[in-house]
Protein chains: 2
Amino acid sequence: MTESVDDRIARVRFDDAGLVAAIIQQWDTREVLMLAWMDAEALRRTLTTGRVTFWSRSRGEYWRKGDTSGHIQLVRGARLDCDGDAVLIEVEQIGAACHTGTRTCFDVDDLHPQTALS
Amino acid sequence: MTESVDDRIARVRFDDAGLVAAIIQQWDTREVLMLAWMDAEALRRTLTTGRVTFWSRSRGEYWRKGDTSGHIQLVRGARLDCDGDAVLIEVEQIGAACHTGTRTCFDVDDLHPQTALS
């Protein structure tokens, strides 16, 4: 039997602001789409409704991804990391993940590292 | 010509603690391996040395991944997100990424979401 959602959320180590980092990944291509933040309630909604919900630090409100843009995220999986301070949410992304219109939030700004092989 | 590393780092919006979230992804399989934290100096070392370096919040020190375990991360790419508060580092992971010995830090704890399709 799957443990209760409260028991699952109780394993998360939220930070001093009550938030946990949420990495959003397209489930099949494994693209990393974005990183945003969830408090316990946003995570509860994400785990129980099939739609990804964040806490917006800038706006101070819940933000169900796609309600404005139509670019919703349908939950396919969710995992907590080994020390409980990051979650990885696998989704089916409808449309662009980024508010700028690009597929992911990491598509534009290349930091041009020195690579180990160069 | 590639802009200077200082100019690239200047685009990052570090949080009040001077840190940015760093998502580490295996470059070819696209597995998300872990999430950890970098300050400006850890990011500079990551961008310039070919080896991933973090700031350990718990130990209060720089932590070049693999120096103790041998499980090093060789940098293959690095990207900044649209609002500058997360970096995605693509790596060649040698051995296990997680200190528990699993391939990724997300392998063990399934949060069993209600999926949109179930």
# chains A, B, ... in the order shown; residues from 1 in each chain; ligands from 1

call {"tool": "residues_around", "arguments": {"residues": "range 86-101 of chain B", "least_positions_apart": "5", "cutoff": "7 Å", "atoms": "only C-alpha atoms", "output": "MDAnalysis selection string"}}
result
(chainID A and resid 35) or (chainID B and resid 20:27 33 71:81)

call {"tool": "write_last_selection", "arguments": {"atoms": "N, CA and C atoms", "output": "PDB file, in the first residue's frame"}}
result
ATOM      1  N   LEU A  35      13.679  24.915 -13.519  1.00  0.00           N
ATOM      2  CA  LEU A  35      13.750  24.711 -12.076  1.00  0.00           C
ATOM      3  C   LEU A  35      12.874  25.770 -11.426  1.00  0.00           C
TER       4      LEU A  35
ATOM      5  N   VAL B  20      23.654  29.633  -6.029  1.00  0.00           N
ATOM      6  CA  VAL B  20      22.761  29.319  -7.134  1.00  0.00           C
ATOM      7  C   VAL B  20      22.596  27.799  -7.177  1.00  0.00           C
ATOM      8  N   ALA B  21      21.389  27.355  -7.512  1.00  0.00           N
ATOM      9  CA  ALA B  21      21.124  25.915  -7.632  1.00  0.00           C
ATOM     10  C   ALA B  21      21.763  25.391  -8.908  1.00  0.00           C
ATOM     11  N   ALA B  22      22.463  24.266  -8.791  1.00  0.00           N
ATOM     12  CA  ALA B  22      23.126  23.651  -9.943  1.00  0.00           C
ATOM     13  C   ALA B  22      22.576  22.245 -10.158  1.00  0.00           C
ATOM     14  N   ILE B  23      21.922  22.061 -11.297  1.00  0.00           N
ATOM     15  CA  ILE B  23      21.419  20.748 -11.687  1.00  0.00           C
ATOM     16  C   ILE B  23      22.521  20.050 -12.473  1.00  0.00           C
ATOM     17  N   ILE B  24      22.828  18.831 -12.086  1.00  0.00           N
ATOM     18  CA  ILE B  24      23.887  18.075 -12.764  1.00  0.00           C
ATOM     19  C   ILE B  24      23.245  16.950 -13.577  1.00  0.00           C
ATOM     20  N   GLN B  25      23.542  16.966 -14.881  1.00  0.00           N
ATOM     21  CA  GLN B  25      22.918  16.019 -15.804  1.00  0.00           C
ATOM     22  C   GLN B  25      24.003  15.258 -16.582  1.00  0.00           C
ATOM     23  N   GLN B  26      23.845  13.944 -16.680  1.00  0.00           N
ATOM     24  CA  GLN B  26      24.727  13.160 -17.553  1.00  0.00           C
ATOM     25  C   GLN B  26      24.465  13.592 -18.986  1.00  0.00           C
ATOM     26  N   TRP B  27      25.525  13.989 -19.698  1.00  0.00           N
ATOM     27  CA  TRP B  27      25.350  14.669 -20.990  1.00  0.00           C
ATOM     28  C   TRP B  27      24.708  13.793 -22.059  1.00  0.00           C
ATOM     29  N   LEU B  33      21.369  13.740 -12.361  1.00  0.00           N
ATOM     30  CA  LEU B  33      22.176  13.012 -11.386  1.00  0.00           C
ATOM     31  C   LEU B  33      22.005  13.545  -9.971  1.00  0.00           C
ATOM     32  N   HIS B  71      34.562   9.615  -7.715  1.00  0.00           N
ATOM     33  CA  HIS B  71      33.429   9.721  -8.634  1.00  0.00           C
ATOM     34  C   HIS B  71      33.331  11.140  -9.184  1.00  0.00           C
ATOM     35  N   ILE B  72      34.292  11.482 -10.013  1.00  0.00           N
ATOM     36  CA  ILE B  72      34.403  12.846 -10.506  1.00  0.00           C
ATOM     37  C   ILE B  72      33.366  13.151 -11.580  1.00  0.00           C
ATOM     38  N   GLN B  73      33.153  14.423 -11.785  1.00  0.00           N
ATOM     39  CA  GLN B  73      32.251  14.912 -12.836  1.00  0.00           C
ATOM     40  C   GLN B  73      33.055  15.796 -13.784  1.00  0.00           C
ATOM     41  N   LEU B  74      33.160  15.360 -15.037  1.00  0.00           N
ATOM     42  CA  LEU B  74      33.880  16.097 -16.066  1.00  0.00           C
ATOM     43  C   LEU B  74      32.894  16.970 -16.825  1.00  0.00           C
ATOM     44  N   VAL B  75      33.178  18.257 -16.892  1.00  0.00           N
ATOM     45  CA  VAL B  75      32.239  19.221 -17.469  1.00  0.00           C
ATOM     46  C   VAL B  75      32.176  19.067 -18.989  1.00  0.00           C
ATOM     47  N   ARG B  76      30.963  18.974 -19.508  1.00  0.00           N
ATOM     48  CA  ARG B  76      30.745  18.935 -20.953  1.00  0.00           C
ATOM     49  C   ARG B  76      29.956  20.136 -21.468  1.00  0.00           C
ATOM     50  N   GLY B  77      29.221  20.790 -20.577  1.00  0.00           N
ATOM     51  CA  GLY B  77      28.440  21.955 -20.967  1.00  0.00           C
ATOM     52  C   GLY B  77      27.895  22.644 -19.738  1.00  0.00           C
ATOM     53  N   ALA B  78      27.481  23.896 -19.892  1.00  0.00           N
ATOM     54  CA  ALA B  78      26.915  24.640 -18.763  1.00  0.00           C
ATOM     55  C   ALA B  78      26.002  25.722 -19.322  1.00  0.00           C
ATOM     56  N   ARG B  79      24.817  25.804 -18.752  1.00  0.00           N
ATOM     57  CA  ARG B  79      23.838  26.762 -19.244  1.00  0.00           C
ATOM     58  C   ARG B  79      23.142  27.438 -18.064  1.00  0.00           C
ATOM     59  N   LEU B  80      22.793  28.691 -18.290  1.00  0.00           N
ATOM     60  CA  LEU B  80      22.084  29.474 -17.271  1.00  0.00           C
ATOM     61  C   LEU B  80      20.631  29.594 -17.691  1.00  0.00           C
ATOM     62  N   ASP B  81      19.714  29.572 -16.727  1.00  0.00           N
ATOM     63  CA  ASP B  81      18.305  29.626 -17.126  1.00  0.00           C
ATOM     64  C   ASP B  81      17.839  31.054 -17.387  1.00  0.00           C
TER      65      ASP B  81
END

call {"tool": "select_by_dssp", "arguments": {"residues": "chain B", "states": "strand (DSSP E or B)", "output": "PyMOL selection string"}}
result
chain B and resi 20-26+32-38+51+53-56+61-64+73-80+86-93+109-110

call {"tool": "residues_around", "arguments": {"residues": "Gly50 in chain B", "least_positions_apart": "3", "cutoff": "7 Å", "atoms": "only C-alpha atoms", "output": "VMD selection string"}}
result
(chain A and resid 114 to 116) or (chain B and resid 46 to 47 74 to 75)

call {"tool": "atom_distance", "arguments": {"atom1": "CA of Leu111 in chain B", "atom2": "CA of Cys82 in chain A"}}
result
12.4 Å

call {"tool": "closest_residue", "arguments": {"among": "A:Arg57, A:Lys65, A:Gly84, A:Thr29", "to": "Ile9 in chain A", "atoms": "only C-alpha atoms"}}
result
A:Gly84

call {"tool": "residues_around", "arguments": {"residues": "Phe14 in chain A", "least_positions_apart": "3", "cutoff": "8 Å", "atoms": "only C-alpha atoms", "output": "list in words"}}
result
Ala17, Gly18, Leu19, Val20, Asp39, Ala40 and Asp85 of chain A

call {"tool": "write_last_selection", "arguments": {"atoms": "all heavy atoms", "output": "JSON list (two decimals), in the first residue's frame"}}
result
[["chain", "number", "residue", "atom", "x", "y", "z"],
["A", 17, "ALA", "N", 12.87, 29.07, 4.21],
["A", 17, "ALA", "CA", 11.71, 29.77, 3.65],
["A", 17, "ALA", "C", 10.54, 28.81, 3.38],
["A", 17, "ALA", "O", 9.52, 29.23, 2.83],
["A", 17, "ALA", "CB", 12.10, 30.48, 2.35],
["A", 18, "GLY", "N", 10.72, 27.53, 3.77],
["A", 18, "GLY", "CA", 9.64, 26.57, 3.57],
["A", 18, "GLY", "C", 9.56, 26.03, 2.16],
["A", 18, "GLY", "O", 8.53, 25.48, 1.76],
["A", 19, "LEU", "N", 10.65, 26.12, 1.40],
["A", 19, "LEU", "CA", 10.63, 25.75, -0.02],
["A", 19, "LEU", "C", 11.61, 24.62, -0.33],
["A", 19, "LEU", "O", 12.60, 24.42, 0.37],
["A", 19, "LEU", "CB", 10.99, 26.97, -0.87],
["A", 19, "LEU", "CG", 10.07, 28.18, -0.71],
["A", 19, "LEU", "CD1", 10.60, 29.36, -1.51],
["A", 19, "LEU", "CD2", 8.64, 27.84, -1.13],
["A", 20, "VAL", "N", 11.29, 23.90, -1.40],
["A", 20, "VAL", "CA", 12.19, 22.89, -1.93],
["A", 20, "VAL", "C", 12.36, 23.14, -3.42],
["A", 20, "VAL", "O", 11.42, 23.57, -4.10],
["A", 20, "VAL", "CB", 11.65, 21.47, -1.65],
["A", 20, "VAL", "CG1", 10.35, 21.19, -2.39],
["A", 20, "VAL", "CG2", 12.68, 20.39, -1.97],
["A", 39, "ASP", "N", 6.43, 24.90, -2.03],
["A", 39, "ASP", "CA", 6.26, 24.70, -0.60],
["A", 39, "ASP", "C", 5.47, 23.39, -0.41],
["A", 39, "ASP", "O", 5.17, 22.69, -1.39],
["A", 39, "ASP", "CB", 5.60, 25.90, 0.06],
["A", 39, "ASP", "CG", 4.16, 26.10, -0.38],
["A", 39, "ASP", "OD1", 3.64, 25.31, -1.21],
["A", 39, "ASP", "OD2", 3.53, 27.07, 0.11],
["A", 40, "ALA", "N", 5.15, 23.05, 0.82],
["A", 40, "ALA", "CA", 4.50, 21.76, 1.07],
["A", 40, "ALA", "C", 3.16, 21.67, 0.35],
["A", 40, "ALA", "O", 2.79, 20.61, -0.19],
["A", 40, "ALA", "CB", 4.33, 21.55, 2.58],
["A", 85, "ASP", "N", 16.30, 17.39, -0.15],
["A", 85, "ASP", "CA", 16.15, 18.83, -0.40],
["A", 85, "ASP", "C", 16.01, 19.19, -1.87],
["A", 85, "ASP", "O", 16.17, 20.36, -2.24],
["A", 85, "ASP", "CB", 17.27, 19.64, 0.27],
["A", 85, "ASP", "CG", 18.63, 19.37, -0.36],
["A", 85, "ASP", "OD1", 18.71, 18.51, -1.27],
["A", 85, "ASP", "OD2", 19.59, 20.02, 0.07]]

call {"tool": "select_by_dssp", "arguments": {"residues": "chain A", "states": "helix (DSSP H, G or I)", "output": "ChimeraX atom specification"}}
result
/A:5-9,40-49

call {"tool": "write_last_selection", "arguments": {"atoms": "N, CA, C and O atoms", "output": "compact mmCIF listing (two decimals), in the first residue's frame"}}
result
# COMPACT_ATOMS: atom_id res chain seq x y z
N VAL A 5 0.00 10.77 1.34
CA VAL A 5 0.73 11.90 0.77
C VAL A 5 1.38 12.73 1.87
O VAL A 5 2.48 13.26 1.69
N ASP A 6 0.73 12.81 3.04
CA ASP A 6 1.34 13.55 4.14
C ASP A 6 2.65 12.89 4.59
O ASP A 6 3.63 13.59 4.87
N ASP A 7 2.66 11.58 4.62
CA ASP A 7 3.89 10.88 5.01
C ASP A 7 4.99 11.10 3.99
O ASP A 7 6.16 11.26 4.33
N ARG A 8 4.61 11.12 2.70
CA ARG A 8 5.62 11.36 1.67
C ARG A 8 6.18 12.77 1.78
O ARG A 8 7.40 12.98 1.73
N ILE A 9 5.31 13.74 1.95
CA ILE A 9 5.75 15.13 2.05
C ILE A 9 6.59 15.35 3.31
O ILE A 9 7.51 16.18 3.32
N ALA A 40 5.15 23.05 0.82
CA ALA A 40 4.50 21.76 1.07
C ALA A 40 3.16 21.67 0.35
O ALA A 40 2.79 20.61 -0.19
N GLU A 41 2.42 22.76 0.31
CA GLU A 41 1.11 22.74 -0.32
C GLU A 41 1.23 22.60 -1.84
O GLU A 41 0.48 21.86 -2.47
N ALA A 42 2.19 23.31 -2.45
CA ALA A 42 2.40 23.17 -3.90
C ALA A 42 2.81 21.74 -4.24
O ALA A 42 2.34 21.17 -5.23
N LEU A 43 3.65 21.14 -3.40
CA LEU A 43 4.05 19.75 -3.65
C LEU A 43 2.86 18.82 -3.48
O LEU A 43 2.66 17.89 -4.27
N ARG A 44 2.04 19.06 -2.47
CA ARG A 44 0.85 18.23 -2.26
C ARG A 44 -0.06 18.29 -3.48
O ARG A 44 -0.53 17.26 -3.99
N ARG A 45 -0.28 19.51 -4.00
CA ARG A 45 -1.13 19.64 -5.19
C ARG A 45 -0.50 18.92 -6.38
O ARG A 45 -1.20 18.28 -7.17
N THR A 46 0.82 19.04 -6.51
CA THR A 46 1.51 18.38 -7.62
C THR A 46 1.37 16.86 -7.53
O THR A 46 1.16 16.19 -8.55
N LEU A 47 1.47 16.34 -6.32
CA LEU A 47 1.42 14.88 -6.15
C LEU A 47 0.01 14.31 -6.24
O LEU A 47 -0.15 13.11 -6.48
N THR A 48 -0.99 15.16 -6.06
CA THR A 48 -2.36 14.62 -5.96
C THR A 48 -3.28 15.01 -7.11
O THR A 48 -4.37 14.44 -7.23
N THR A 49 -2.87 15.96 -7.95
CA THR A 49 -3.81 16.45 -8.98
C THR A 49 -3.39 16.13 -10.41
O THR A 49 -4.16 16.39 -11.34

call {"tool": "residues_around", "arguments": {"residues": "Arg64 in chain B", "least_positions_apart": "4", "cutoff": "7 Å", "atoms": "only C-alpha atoms", "output": "count of residues only"}}
result
3

call {"tool": "atom_distance", "arguments": {"atom1": "CA of Arg103 in chain B", "atom2": "CA of Arg30 in chain A"}}
result
15.8 Å
